[in-house]
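> Below is a structure I'd like to ask you about.
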Amino acid sequence: MRGKYILQGTFWILVYLFLVCAPLLLLLIGEKPEGREFWRELSVALGFTGLAMLSLQFVLTARFKRIKAPYGADIVYHFHRQVSLVALMLILVHPLLLFIFSPATLRLLNLFTAPWRARAGVTAVVLLFVLISTSLWRTRFKIEYTRWRIWHGILSVCVVALAVVHVILARHYLNTPLKQILWITYGLFWLGLLFYIRILKPILLMKRPYEIESVNQERGNAWSLTIKPAGHAGIKFMPGQFAWITIGDALFSEQEHPFSISSSASQRERLTFTIKELGDFTRQIKYMKPGQKVYVDGPFGHFSIDRHPHAEVFILIAGGVGITPMMSMLRTLAQRGDKRAVTLIYANRDWESVIFREEIEQLKDSLNLKLVHVIEKPPEYWIGEIGFINQSILEHYLPEARYKNAFEVFICGPPTMMKVVEKALVNMDIHFGDFHSEQFRLV
Amino acid sequence: MRQQFSTWLAIAMGMIILALAIIFALIQSTK
């Protein structure tokens, strides 16, 4: 199974590289325009590859399950973020080379006198700066998620469209009808992709609506939203995966958010998402009413015990609301009557806010489950672990046999906790492929 | 740790793309 995912992952990396470099191949096909100085051609090549990278950003966030399966959705989003900086650098070097080796081109920066090709190019770069800075520092600029998401989409389309206008008006590499056709095809491919993401996919989602069945309060300011498919069989998922939920009209709503599924994967007739009140949208969950329509895009994510059927022992390490994918795993194992050994190390700030506290205790009756609570501020009568999950706690509770594939570790919680746990596991010589984590904050 | 993988992957992509852009410029400029 692991080998299959490595092969798939390598395949998608090669496809990405090919698509980024495809414009360069197209430029070299057939009759080439007259060659120019090296630095000018390098500048052009960086501009074209930068544009291709920006276009591919739409694919990375288009939720194609096959692309996300080998890596996990959080990693694809992280790559989307990091590679945007690489693309920005390539795009900035594109005009910089011109300015350095041909200072006369600096006049193109004057939008009042510059030709339209330069106006389009300069505006695209300025908008790209706005796009990337508002994404990197969204929380610092206090931009609300939904508003940011709408503007992120609009700015992205504007940047790519203006860059394409810049290429068309520059004309140098559109010298033959064949190349014009190839570039039109390339452009149509991206337009088609945009049509699929923004129009076709939401329409398909609207054909498979869900209805809210109940909204129940849990401990720790969390709410369990249970929905059932309306007129269809629902989705098949692996325990630990997540889905995007859209409230309102799927075609136009920007109220779309990713949440982990907390219900059992053996029970397709209803899905439960357990959501902690953390932001503007999550605070609205408690006001949702039974019968209200929602749409589900999913499942996504590689974070699942079902991807490791060989495992004899599972170690689940959760912090706060990071328990939700683990809960799906525990409920599924219980429903399947699976008696493989499970250790759950569960960290919380205080005893009263331990989400699913009572149900997990009950699950000990039907599972081969060892439960370890770690409480930061415990009550006076507390005799369990105190503080945060650290290497000493892990050394104490992890099985002594720590060879490759001896057990599979799943980690989900706040970023600081995940970093500490991953570092501790490395120090303990746990094989890198035997521990799995998923960030629940994608943007 | 997994995020470090994607950071390094992005950097590696950038290096490869830069190398290919240089090759393109060499081919095209010497014509």
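Ordering of the structure tokens sets the chain letters (A, B, ...); residue numbers start at 1 within each chain; ligands are numbered from 1 in the order shown.
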Do a neighbour search on range 15-24 of chain B at 8 Å with only C-alpha atoms, toss out local chain neighbours closer than 3 positions, and write the hits as an MDAnalysis selection string.
(chainID A and resid 17 20:21 24 41:42 45:46 49) or (chainID B and resid 11:12 27:28)
> Identify every residue of chain A that has at least one atom within 6 Å of any atom of chain B, counting only C-alpha atoms, and report the result as a PyMOL selection string.
chain A and resi 35-38+41-42+45+79+82-83+86
> Would you mind listing what lies within 12 Å of range 231-236 of chain A as a PyMOL selection string, with only C-alpha atoms counted and same-chain residues fewer than 2 positions away left out?
chain A and resi 205-211+227-229+238-239+241-243+261+263-271+295-300
> Could you check the closest approach to Trp116 in chain A for each of A:Trp382, A:Lys32, A:Ala170, A:Glu213 and tell me which residue wins, using only C-alpha atoms?
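Once distances to Trp116 in chain A are computed over only C-alpha atoms, the minimum belongs to A:Ala170.
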> State, in Å with one decimal place, the distance from CA of Phe281 in chain A to CA of Ala230 in chain A.
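Answer for the CA of Phe281 in chain A to CA of Ala230 in chain A separation: 23.5 Å.
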> Measuring atom to atom with only C-alpha atoms, identify which of A:Ile75, A:Ala22, A:Ala222, A:Val15 is nearest to Gly279 in chain A.
A:Ala222
> Write out as a PyMOL selection string each polymer residue whose atoms come within 12 Å of Tyr287 in chain A, counting only C-alpha atoms; drop sequence neighbours fewer than 6 positions from it.
chain A and resi 212+214-217+223+225+277+281
> Grab the CA of Ala62 in chain A to CA of Arg147 in chain A distance for me, in Å with one decimal place.
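It comes out at 18.8 Å.
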